[in-house]
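Asker: Structure incoming, see below.
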2 protein chains.
Amino acid sequence: MENRTELDELGEFALIDKLTAGFENKHASTIKGIGDDAAVIDMGDKFQVVTTDMLVEGVHFDLSYVPLKHLGYKAVVVNLSDIYAMNAEATQITVSIAASNRFSVEALEELYAGIKTACDLYNVDLVGGDTTSSQSGLVISVTALGEVAKDKITYRSGGSDNDLLVVTGSLGGAYMGLQVLEREKAVFKDNPAVQPALEGVDYILERQLKPEARKDIIHFLHDLGVTPTSMIDISDGLVSEAMHLCKHSDLGCTIYDEKLPIDHETHRVALEFELDPSTCALNGGEDYELLFSIKQSDFEKVKGNEYMSIIGHFTDKGSGMNVIERNGASQPMQAQGWDHFLE
Amino acid sequence: MENRTELDELGEFALIDKLTAGFENKHASTIKGIGDDAAVIDMGDKFQVVTTDMLVEGVHFDLSYVPLKHLGYKAVVVNLSDIYAMNAEATQITVSIAASNRFSVEALEELYAGIKTACDLYNVDLVGGDTTSSQSGLVISVTALGEVAKDKITYRSGGSDNDLLVVTGSLGGAYMGLQVLEREKAVFKDNPAVQPALEGVDYILERQLKPEARKDIIHFLHDLGVTPTSMIDISDGLVSEAMHLCKHSDLGCTIYDEKLPIDHETHRVALEFELDPSTCALNGGEDYELLFSIKQSDFEKVKGNEYMSIIGHFTDKGSGMNVIERNGASQPMQAQGWDHFLE
């Protein structure tokens, strides 16, 4: 009998490792292949960065509450976030879609209106793609290209012991937005006459439905003269991404719960759902903020900045990866990030 | 009531035009966006070319007779073919897949074994991708990057009146291979005990299941000192692609039926199926050969070459697009290329 290993036995990262083992890079222009937010290609004067993401209906989005225009916007933004996580400027994208005959031309025009809005706002060119039919749902595959000066490229692997860990914006909002949408969907299923209770949750709904990628931070760091020593975008939750940085930089880290940036709306709604706001901030996915490390010597340039929070620091690897709770207790990190093969 | 236009009312090209109307390129580095085999980006010393294709189970492939290893190989090759159609060298690819739990880890390893074989044979690096679950079938999205000297880039639009039209390899084989596979699938459905009749059709099955992209032709033309004036790859059938070249170059063309390169196996099996071999060569898809134009002054360099057939020439636009039949009659071309929204 043939061996059969189920996809969900491995998890996404182990699966990728297994599938891509044995591939070797043959071109001198391939500076970085698989294993960071984006691949890095030598363009001569600069580096080009390349990233790709696929969004699948029923796995990554639910059209019962996600408008197609928002979906198109988000499909672009999640890719741009990976470009910015390399400290690069996004320049071009390609977009491929597979759609069943459930979708009309007008529906796809809505989707592309969202794509265009993102292209205009983030100053990227749509340069190609593929449009095909599908036998079931909608699939969107975006590839984004960007460029960066060679001395500014930032990998996951460049951190050093004692570098400060900085996170942008606020955390947990997109996750709480999803909880509200799922709750209202369930209420609607039970009784379609009930109007959805979406008052006072604008911020977290927008975090979920219309996330923004942090292009502004890349410019801001550039203006401050700060090049992060390592960086990653937060798609799967802070803890999961911090663990990636530690793994790639061969370090440990300490993050302080009391330093986590949590919006008051996220905080309030988390309590309504009887969830710990810190847990939502640590493990909620899809915030598309940036997590990066800076040298201690850059502390003065970043401290007190309204867009950035210093939440901890790298440690030596032997110290492990820990969260210091508000009571001072140290808890080892446990990744509870999203895994689209485990959901 | 909302207007609803069905996707199959438009066809793929009109749909793409409609969806991407209003997008404007903002970066000086975007030399060519949507509308050729690949986008063209200025890298400084060279041009980079970028192309992407999505393959969807049940639309582009049928796993009841396509081995996963061949599928992985083909998914890469169809993209590389678009790179070569710009007269460029392929350098890197990204591969994203969505797979349902119907697929095991071992099945995806087979798929990636095919991807690796293509990467090794065509000398390209796998630099990124995405791996996610799907609620139904398998979807594969590949983006390919390549590079070319700026004075060698070849668009669909560069042809001139009287340039010679050249096609590589032979035509119609992939289409006949598909007919054989579909026939044997139907026989198997009726009676699973019957062994498939696949003797003497090795060539056309390989054309369908394991097509090759014409990297060799790009090298060959380079060595001959010939830069095509226009070029396209033949994925949708010779007539359909010739019409694209004419449209982009603002020309007409004449193609001679008697000059079409048709392999003897394709010819024999077409007759078995009571099909006209010339029709299969003119309209059969998926050959992944190159169709290009050369200046009359390059005729001596190309004539008699075993890999290339001179099948006609461009004309002025007013003369239309015509096929000269073996009896000397001129027939206006009618595109019967594949359209994945019309199937």
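Please note that chains go A, B, ... in the order of the structure tokens, that every chain numbers its residues from 1, and that ligands are numbered from 1 in the order shown.
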Could you work out which residues of chain B fall inside 6 Å of chain A? Count only C-alpha atoms, and format the result as a ChimeraX atom specification.

Answerer: /B:4-7,19,25,33-34,39,43,52-53,104-105,109,125,127-130,132-133,340-341

Asker: If you count only C-alpha atoms, which residues fall within 10 Å of stretch 216-226 of chain B, apart from same-chain ones fewer than 5 positions away, as a list in words?

Answerer: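 Once the adjacent positions are removed, what remains is Tyr84, Ala85, Met86, Asn87, Ala88, Glu89, Tyr122, Lys152, Thr168, Gly169, Glu289, Leu290, Ile294, Lys295, Ser297, Asp298, Phe299, Lys301, Val302, Tyr307 and Met308 of chain B.
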
Asker: Pull C-alpha atoms from the residues just selected and write them as an mmCIF file, in the first residue's frame.

Answerer:
```cif
data_model
loop_
_atom_site.group_PDB
_atom_site.id
_atom_site.type_symbol
_atom_site.label_atom_id
_atom_site.label_comp_id
_atom_site.auth_asym_id
_atom_site.auth_seq_id
_atom_site.Cartn_x
_atom_site.Cartn_y
_atom_site.Cartn_z
ATOM 1 C CA TYR B 84 10.726 32.864 -24.214
ATOM 2 C CA ALA B 85 8.022 34.536 -26.331
ATOM 3 C CA MET B 86 9.599 37.856 -25.256
ATOM 4 C CA ASN B 87 12.998 36.570 -26.528
ATOM 5 C CA ALA B 88 14.118 36.455 -22.873
ATOM 6 C CA GLU B 89 15.882 33.949 -20.616
ATOM 7 C CA TYR B 122 15.137 25.062 -17.870
ATOM 8 C CA LYS B 152 16.629 42.002 -27.938
ATOM 9 C CA THR B 168 8.801 26.297 -34.421
ATOM 10 C CA GLY B 169 8.383 22.535 -34.050
ATOM 11 C CA GLU B 289 5.644 26.458 -29.859
ATOM 12 C CA LEU B 290 6.708 29.963 -30.855
ATOM 13 C CA ILE B 294 11.594 37.959 -39.149
ATOM 14 C CA LYS B 295 12.796 40.465 -41.683
ATOM 15 C CA SER B 297 16.794 39.886 -44.989
ATOM 16 C CA ASP B 298 17.053 37.161 -42.320
ATOM 17 C CA PHE B 299 15.543 34.525 -44.632
ATOM 18 C CA LYS B 301 19.718 32.444 -41.829
ATOM 19 C CA VAL B 302 16.504 30.567 -41.064
ATOM 20 C CA TYR B 307 13.336 23.447 -35.923
ATOM 21 C CA MET B 308 11.618 26.288 -37.771
#
```

Asker: What lies within 12 Å of B:Thr279 using only C-alpha atoms, ignoring chain neighbours under 6 positions off, as a PyMOL selection string?

Answerer: chain B and resi 171-173+175-176+237-239+257-258+260+262+266-267+270-271+285+323+325+333-337

Asker: I need the chosen residues saved as a compact mmCIF listing (two decimals), in the first residue's frame, with C-alpha atoms.

Answerer:
```txt
# COMPACT_ATOMS: atom_id res chain seq x y z
CA LEU B 171 1.52 21.78 -34.64
CA GLY B 172 -1.65 20.01 -33.56
CA GLY B 173 0.05 17.24 -31.58
CA TYR B 175 -4.62 18.68 -29.36
CA MET B 176 -4.64 15.17 -30.81
CA GLY B 237 -3.80 27.63 -31.50
CA LEU B 238 -1.84 29.04 -34.45
CA VAL B 239 -4.71 31.04 -35.98
CA ASP B 257 -1.70 25.44 -45.34
CA GLU B 258 0.90 23.39 -47.24
CA LEU B 260 2.22 23.87 -41.78
CA ILE B 262 2.48 18.49 -38.90
CA THR B 266 -0.58 13.80 -35.48
CA HIS B 267 -1.62 13.43 -39.13
CA ALA B 270 -6.34 13.11 -36.85
CA LEU B 271 -7.53 11.00 -39.80
CA GLY B 285 -4.15 24.52 -28.54
CA VAL B 323 -5.08 30.97 -44.95
CA GLU B 325 -5.55 26.27 -48.78
CA MET B 333 -8.98 33.27 -40.63
CA GLN B 334 -11.48 32.47 -37.92
CA ALA B 335 -10.19 32.13 -34.40
CA GLN B 336 -11.32 28.92 -32.79
CA GLY B 337 -8.81 29.12 -30.00
```

Asker: From the list B:Arg326, B:Arg214, B:Arg183, B:Arg156, which residue is nearest B:Pro228 when using only C-alpha atoms?

Answerer: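 Going through B:Arg326, B:Arg214, B:Arg183, B:Arg156 one by one, the smallest distance to B:Pro228 is for B:Arg156.
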
Asker: Fit chain A to chain B, using all C-alpha atoms paired in sequence order for the least-squares superposition, and then show me the result as a compact mmCIF listing (two decimals) with C-alpha atoms, in the first residue's frame.

Answerer:
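Output file out26.txt is given in full below:
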```txt
# COMPACT_ATOMS: atom_id res chain seq x y z
CA MET A 1 -32.70 45.33 -10.47
CA GLU A 2 -28.98 45.03 -10.77
CA ASN A 3 -27.55 44.31 -14.20
CA ARG A 4 -25.99 40.90 -14.50
CA THR A 5 -23.69 40.01 -17.39
CA GLU A 6 -22.55 36.39 -17.47
CA LEU A 7 -18.79 35.81 -17.74
CA ASP A 8 -19.21 33.67 -20.86
CA GLU A 9 -20.98 36.50 -22.70
CA LEU A 10 -17.68 38.35 -23.06
CA GLY A 11 -14.87 35.83 -23.59
CA GLU A 12 -11.54 36.01 -21.83
CA PHE A 13 -9.86 38.86 -23.70
CA ALA A 14 -12.86 41.20 -23.67
CA LEU A 15 -13.31 40.44 -19.97
CA ILE A 16 -9.69 41.33 -19.19
CA ASP A 17 -10.02 44.53 -21.21
CA LYS A 18 -13.14 45.46 -19.27
CA LEU A 19 -11.71 44.65 -15.86
CA THR A 20 -8.41 46.45 -16.40
CA ALA A 21 -9.78 49.55 -18.15
CA GLY A 22 -8.87 52.61 -16.11
CA PHE A 23 -5.67 51.18 -14.65
CA GLU A 24 -2.73 53.44 -15.44
CA ASN A 25 0.97 52.75 -15.06
CA LYS A 26 2.66 55.17 -12.69
CA HIS A 27 6.22 53.84 -12.55
CA ALA A 28 8.84 54.75 -15.15
CA SER A 29 10.21 51.22 -14.67
CA THR A 30 6.97 49.75 -16.08
CA ILE A 31 7.92 49.51 -19.75
CA LYS A 32 5.04 47.24 -20.77
CA GLY A 33 2.05 46.30 -18.65
CA ILE A 34 -0.93 44.16 -19.59
CA GLY A 35 -1.26 43.02 -23.20
CA ASP A 36 1.73 40.93 -24.24
CA ASP A 37 3.00 37.47 -23.28
CA ALA A 38 4.75 39.08 -20.33
CA ALA A 39 5.10 42.47 -18.65
CA VAL A 40 8.40 44.30 -19.13
CA ILE A 41 10.18 46.09 -16.29
CA ASP A 42 13.30 48.25 -16.56
CA MET A 43 16.11 46.77 -14.42
CA GLY A 44 18.71 49.36 -15.42
CA ASP A 45 21.10 47.43 -17.67
CA LYS A 46 18.46 44.97 -18.86
CA PHE A 47 14.76 44.41 -19.10
CA GLN A 48 12.99 42.00 -16.79
CA VAL A 49 9.94 40.14 -18.08
CA VAL A 50 7.17 38.88 -15.79
CA THR A 51 4.31 36.52 -16.59
CA THR A 52 1.76 34.55 -14.60
CA ASP A 53 -0.70 31.73 -15.30
CA MET A 54 -3.23 29.94 -13.18
CA LEU A 55 -4.18 26.30 -13.76
CA VAL A 56 -7.47 25.10 -12.28
CA GLU A 57 -8.52 21.47 -11.83
CA GLY A 58 -11.47 20.58 -14.03
CA VAL A 59 -10.77 23.55 -16.33
CA HIS A 60 -7.14 23.19 -17.40
CA PHE A 61 -6.40 19.65 -16.30
CA ASP A 62 -8.12 16.39 -15.49
CA LEU A 63 -6.36 14.34 -12.83
CA SER A 64 -8.06 11.19 -14.04
CA TYR A 65 -5.38 10.98 -16.74
CA VAL A 66 -2.76 13.63 -15.93
CA PRO A 67 -0.10 12.39 -13.47
CA LEU A 68 0.67 15.01 -10.80
CA LYS A 69 4.35 15.02 -11.69
CA HIS A 70 3.52 15.91 -15.30
CA LEU A 71 1.11 18.55 -14.09
CA GLY A 72 3.79 20.22 -11.97
CA TYR A 73 6.17 20.14 -14.91
CA LYS A 74 3.59 21.56 -17.32
CA ALA A 75 2.52 24.32 -14.91
CA VAL A 76 6.08 25.65 -14.99
CA VAL A 77 6.64 25.10 -18.71
CA VAL A 78 3.56 27.01 -19.86
CA ASN A 79 4.85 30.05 -17.98
CA LEU A 80 8.39 29.73 -19.28
CA SER A 81 6.96 29.61 -22.78
CA ASP A 82 5.62 33.15 -22.23
CA ILE A 83 9.08 34.29 -21.10
CA TYR A 84 10.72 32.85 -24.21
CA ALA A 85 8.03 34.53 -26.33
CA MET A 86 9.60 37.84 -25.27
CA ASN A 87 13.00 36.55 -26.52
CA ALA A 88 14.13 36.44 -22.87
CA GLU A 89 15.89 33.93 -20.62
CA ALA A 90 13.80 32.56 -17.74
CA THR A 91 15.49 33.00 -14.36
CA GLN A 92 13.10 32.60 -11.41
CA ILE A 93 9.58 31.35 -10.63
CA THR A 94 7.16 31.43 -7.73
CA VAL A 95 4.57 28.67 -7.34
CA SER A 96 1.39 28.92 -5.27
CA ILE A 97 -0.95 26.00 -4.77
CA ALA A 98 -4.34 25.51 -3.17
CA ALA A 99 -5.17 21.86 -2.47
CA SER A 100 -8.09 20.20 -0.76
CA ASN A 101 -7.68 17.42 1.80
CA ARG A 102 -8.30 14.97 -1.04
CA PHE A 103 -4.58 15.45 -1.72
CA SER A 104 -1.96 13.83 0.50
CA VAL A 105 1.50 15.16 1.27
CA GLU A 106 2.84 12.42 -1.02
CA ALA A 107 0.63 13.65 -3.88
CA LEU A 108 1.96 17.21 -3.50
CA GLU A 109 5.49 15.82 -3.38
CA GLU A 110 4.82 14.28 -6.80
CA LEU A 111 3.62 17.65 -8.05
CA TYR A 112 6.76 19.36 -6.74
CA ALA A 113 8.97 16.64 -8.23
CA GLY A 114 7.61 17.74 -11.62
CA ILE A 115 8.19 21.39 -10.74
CA LYS A 116 11.78 20.58 -9.76
CA THR A 117 12.41 18.65 -12.97
CA ALA A 118 11.29 21.69 -14.97
CA CYS A 119 13.40 24.06 -12.84
CA ASP A 120 16.48 21.90 -13.39
CA LEU A 121 15.93 21.41 -17.10
CA TYR A 122 15.15 25.05 -17.86
CA ASN A 123 17.65 26.43 -15.35
CA VAL A 124 15.23 28.49 -13.27
CA ASP A 125 15.16 29.04 -9.48
CA LEU A 126 12.05 28.48 -7.37
CA VAL A 127 12.20 31.55 -5.12
CA GLY A 128 8.82 31.71 -3.42
CA GLY A 129 5.21 30.73 -3.29
CA ASP A 130 2.24 30.09 -1.10
CA THR A 131 0.64 26.83 -0.01
CA THR A 132 -2.90 26.80 1.24
CA SER A 133 -5.96 24.63 1.53
CA SER A 134 -8.90 24.69 -0.84
CA GLN A 135 -12.45 23.55 -0.37
CA SER A 136 -12.58 21.72 -3.66
CA GLY A 137 -9.94 21.01 -6.27
CA LEU A 138 -6.35 21.87 -6.98
CA VAL A 139 -5.27 25.30 -8.18
CA ILE A 140 -1.71 26.11 -9.27
CA SER A 141 -0.55 29.66 -9.89
CA VAL A 142 2.93 30.21 -11.29
CA THR A 143 4.69 33.52 -11.84
CA ALA A 144 7.85 33.45 -13.95
CA LEU A 145 10.59 36.07 -14.22
CA GLY A 146 13.14 36.42 -16.96
CA GLU A 147 15.64 38.87 -18.36
CA VAL A 148 16.71 40.08 -21.76
CA ALA A 149 19.11 42.62 -23.24
CA LYS A 150 17.16 45.79 -24.00
CA ASP A 151 17.83 45.59 -27.75
CA LYS A 152 16.64 41.98 -27.93
CA ILE A 153 13.19 42.35 -26.32
CA THR A 154 10.50 41.17 -28.72
CA TYR A 155 6.87 42.26 -28.44
CA ARG A 156 3.77 41.14 -30.29
CA SER A 157 3.67 44.57 -31.86
CA GLY A 158 6.92 44.89 -33.78
CA GLY A 159 6.02 43.25 -37.09
CA SER A 160 6.16 45.00 -40.49
CA ASP A 161 4.48 44.29 -43.84
CA ASN A 162 6.27 41.45 -45.68
CA ASP A 163 8.07 40.11 -42.60
CA LEU A 164 8.17 36.31 -42.78
CA LEU A 165 6.09 34.29 -40.34
CA VAL A 166 7.96 31.41 -38.74
CA VAL A 167 6.67 28.68 -36.47
CA THR A 168 8.80 26.29 -34.42
CA GLY A 169 8.39 22.52 -34.05
CA SER A 170 5.15 20.91 -35.17
CA LEU A 171 1.52 21.78 -34.63
CA GLY A 172 -1.65 20.00 -33.56
CA GLY A 173 0.05 17.23 -31.59
CA ALA A 174 -1.03 18.36 -28.13
CA TYR A 175 -4.61 18.67 -29.35
CA MET A 176 -4.62 15.16 -30.82
CA GLY A 177 -3.04 13.82 -27.61
CA LEU A 178 -5.95 15.31 -25.69
CA GLN A 179 -8.45 13.66 -28.05
CA VAL A 180 -6.87 10.26 -27.43
CA LEU A 181 -6.88 10.77 -23.65
CA GLU A 182 -10.53 11.86 -23.67
CA ARG A 183 -11.48 8.89 -25.84
CA GLU A 184 -9.75 6.41 -23.55
CA LYS A 185 -11.31 8.05 -20.50
CA ALA A 186 -14.76 7.55 -22.06
CA VAL A 187 -13.96 3.92 -22.91
CA PHE A 188 -12.75 3.33 -19.35
CA LYS A 189 -15.93 4.84 -17.92
CA ASP A 190 -18.05 2.44 -19.99
CA ASN A 191 -15.92 -0.58 -19.15
CA PRO A 192 -13.10 -0.31 -16.59
CA ALA A 193 -11.79 -3.73 -17.63
CA VAL A 194 -10.70 -2.49 -21.07
CA GLN A 195 -7.00 -1.61 -21.27
CA PRO A 196 -6.39 1.85 -22.75
CA ALA A 197 -5.36 1.81 -26.43
CA LEU A 198 -2.25 3.99 -26.22
CA GLU A 199 0.08 2.19 -28.65
CA GLY A 200 1.66 4.27 -31.38
CA VAL A 201 0.61 7.60 -29.87
CA ASP A 202 3.61 8.29 -27.65
CA TYR A 203 4.53 11.51 -29.42
CA ILE A 204 1.13 13.17 -29.22
CA LEU A 205 0.58 12.04 -25.62
CA GLU A 206 3.90 13.58 -24.68
CA ARG A 207 2.95 16.78 -26.52
CA GLN A 208 -0.17 16.99 -24.35
CA LEU A 209 1.15 15.70 -21.02
CA LYS A 210 4.73 16.94 -21.07
CA PRO A 211 5.04 19.90 -23.41
CA GLU A 212 8.39 21.63 -23.74
CA ALA A 213 8.95 25.38 -23.90
CA ARG A 214 11.29 26.54 -26.66
CA LYS A 215 14.26 27.82 -24.67
CA ASP A 216 16.44 26.24 -27.37
CA ILE A 217 14.97 28.50 -30.05
CA ILE A 218 15.85 31.65 -28.09
CA HIS A 219 19.47 30.49 -27.91
CA PHE A 220 19.41 29.41 -31.53
CA LEU A 221 18.13 32.75 -32.79
CA HIS A 222 20.72 34.49 -30.66
CA ASP A 223 23.49 32.37 -32.20
CA LEU A 224 22.12 33.03 -35.70
CA GLY A 225 22.08 36.77 -34.98
CA VAL A 226 18.36 36.97 -35.65
CA THR A 227 16.09 39.11 -33.47
CA PRO A 228 12.43 38.44 -34.34
CA THR A 229 10.40 41.53 -35.16
CA SER A 230 7.39 40.15 -33.26
CA MET A 231 6.72 36.97 -31.31
CA ILE A 232 4.05 35.10 -29.33
CA ASP A 233 3.77 31.60 -27.93
CA ILE A 234 1.14 29.21 -29.25
CA SER A 235 -1.02 28.25 -26.33
CA ASP A 236 -4.44 28.82 -27.91
CA GLY A 237 -3.80 27.63 -31.48
CA LEU A 238 -1.85 29.05 -34.43
CA VAL A 239 -4.72 31.04 -35.95
CA SER A 240 -5.68 32.66 -32.68
CA GLU A 241 -2.06 33.65 -32.00
CA ALA A 242 -1.44 34.86 -35.56
CA MET A 243 -4.48 37.10 -35.18
CA HIS A 244 -2.99 38.51 -31.95
CA LEU A 245 0.28 39.31 -33.75
CA CYS A 246 -1.64 41.01 -36.56
CA LYS A 247 -3.78 43.01 -34.16
CA HIS A 248 -0.81 44.21 -32.10
CA SER A 249 1.35 44.91 -35.16
CA ASP A 250 -1.60 46.52 -37.02
CA LEU A 251 -1.11 44.22 -40.01
CA GLY A 252 -2.74 41.43 -41.95
CA CYS A 253 -1.15 38.08 -42.74
CA THR A 254 -1.13 35.16 -45.16
CA ILE A 255 -0.42 31.62 -43.95
CA TYR A 256 -0.03 28.67 -46.34
CA ASP A 257 -1.72 25.44 -45.31
CA GLU A 258 0.88 23.38 -47.24
CA LYS A 259 3.66 24.93 -45.15
CA LEU A 260 2.20 23.88 -41.78
CA PRO A 261 4.54 21.53 -39.89
CA ILE A 262 2.49 18.48 -38.91
CA ASP A 263 4.06 15.37 -37.42
CA HIS A 264 3.11 12.10 -39.15
CA GLU A 265 1.62 10.71 -35.93
CA THR A 266 -0.58 13.79 -35.50
CA HIS A 267 -1.62 13.43 -39.13
CA ARG A 268 -2.49 9.73 -38.84
CA VAL A 269 -4.44 10.05 -35.58
CA ALA A 270 -6.33 13.10 -36.87
CA LEU A 271 -7.53 10.99 -39.81
CA GLU A 272 -8.49 8.18 -37.41
CA PHE A 273 -10.67 10.70 -35.58
CA GLU A 274 -12.02 11.88 -38.95
CA LEU A 275 -10.51 15.30 -38.37
CA ASP A 276 -8.70 17.44 -40.94
CA PRO A 277 -5.00 17.49 -39.89
CA SER A 278 -4.64 21.08 -41.10
CA THR A 279 -7.56 22.19 -38.96
CA CYS A 280 -5.92 20.54 -35.95
CA ALA A 281 -2.65 22.33 -36.74
CA LEU A 282 -4.37 25.68 -37.26
CA ASN A 283 -6.66 25.60 -34.23
CA GLY A 284 -5.41 22.97 -31.77
CA GLY A 285 -4.16 24.51 -28.53
CA GLU A 286 -1.35 23.83 -26.06
CA ASP A 287 1.52 23.22 -28.48
CA TYR A 288 3.69 25.82 -26.69
CA GLU A 289 5.65 26.44 -29.86
CA LEU A 290 6.71 29.96 -30.85
CA LEU A 291 5.25 31.99 -33.69
CA PHE A 292 7.43 34.90 -34.76
CA SER A 293 8.20 37.21 -37.63
CA ILE A 294 11.60 37.96 -39.14
CA LYS A 295 12.81 40.48 -41.67
CA GLN A 296 13.06 39.20 -45.26
CA SER A 297 16.78 39.89 -44.97
CA ASP A 298 17.05 37.16 -42.32
CA PHE A 299 15.54 34.55 -44.65
CA GLU A 300 18.87 32.92 -45.53
CA LYS A 301 19.72 32.44 -41.85
CA VAL A 302 16.50 30.57 -41.09
CA LYS A 303 15.59 28.67 -44.28
CA GLY A 304 16.01 24.92 -44.20
CA ASN A 305 16.33 24.92 -40.41
CA GLU A 306 14.86 21.72 -39.00
CA TYR A 307 13.35 23.46 -35.94
CA MET A 308 11.63 26.27 -37.79
CA SER A 309 9.12 26.45 -40.63
CA ILE A 310 8.40 29.55 -42.66
CA ILE A 311 4.61 29.37 -42.98
CA GLY A 312 3.68 32.74 -44.46
CA HIS A 313 4.17 36.46 -44.09
CA PHE A 314 2.64 39.66 -42.79
CA THR A 315 0.61 41.76 -45.23
CA ASP A 316 -0.90 45.21 -44.99
CA LYS A 317 -3.89 45.38 -42.68
CA GLY A 318 -6.34 45.93 -45.53
CA SER A 319 -5.54 42.52 -47.04
CA GLY A 320 -6.93 40.82 -43.96
CA MET A 321 -5.81 37.62 -42.28
CA ASN A 322 -6.00 34.63 -44.60
CA VAL A 323 -5.11 30.98 -44.92
CA ILE A 324 -4.22 29.79 -48.44
CA GLU A 325 -5.58 26.29 -48.76
CA ARG A 326 -3.85 23.51 -50.68
CA ASN A 327 -6.15 24.12 -53.63
CA GLY A 328 -5.05 27.75 -53.76
CA ALA A 329 -8.27 29.16 -52.32
CA SER A 330 -7.93 31.94 -49.77
CA GLN A 331 -9.99 31.63 -46.60
CA PRO A 332 -10.32 34.40 -43.99
CA MET A 333 -9.01 33.27 -40.60
CA GLN A 334 -11.50 32.47 -37.90
CA ALA A 335 -10.21 32.11 -34.38
CA GLN A 336 -11.33 28.90 -32.78
CA GLY A 337 -8.78 29.07 -30.01
CA TRP A 338 -9.44 27.85 -26.55
CA ASP A 339 -11.41 30.07 -24.28
CA HIS A 340 -11.64 28.88 -20.72
CA PHE A 341 -14.81 30.87 -20.21
CA LEU A 342 -16.53 29.35 -23.25
CA GLU A 343 -15.69 25.68 -22.78
```

Asker: Let's see if you can do this: from backbone DSSP, list all strand (DSSP E or B) residues in stretch 3-180 of chain B, as number ranges by chain.

Answerer: B: 6, 30-32, 39-42, 46-57, 61, 89-99, 104, 125-133, 139-149, 164-168

Asker: Stretch 182-216 of chain A: which residues are helix (DSSP H, G or I) by DSSP, as a PyMOL selection string?

Answerer: chain A and resi 182-190+202-209+215-216
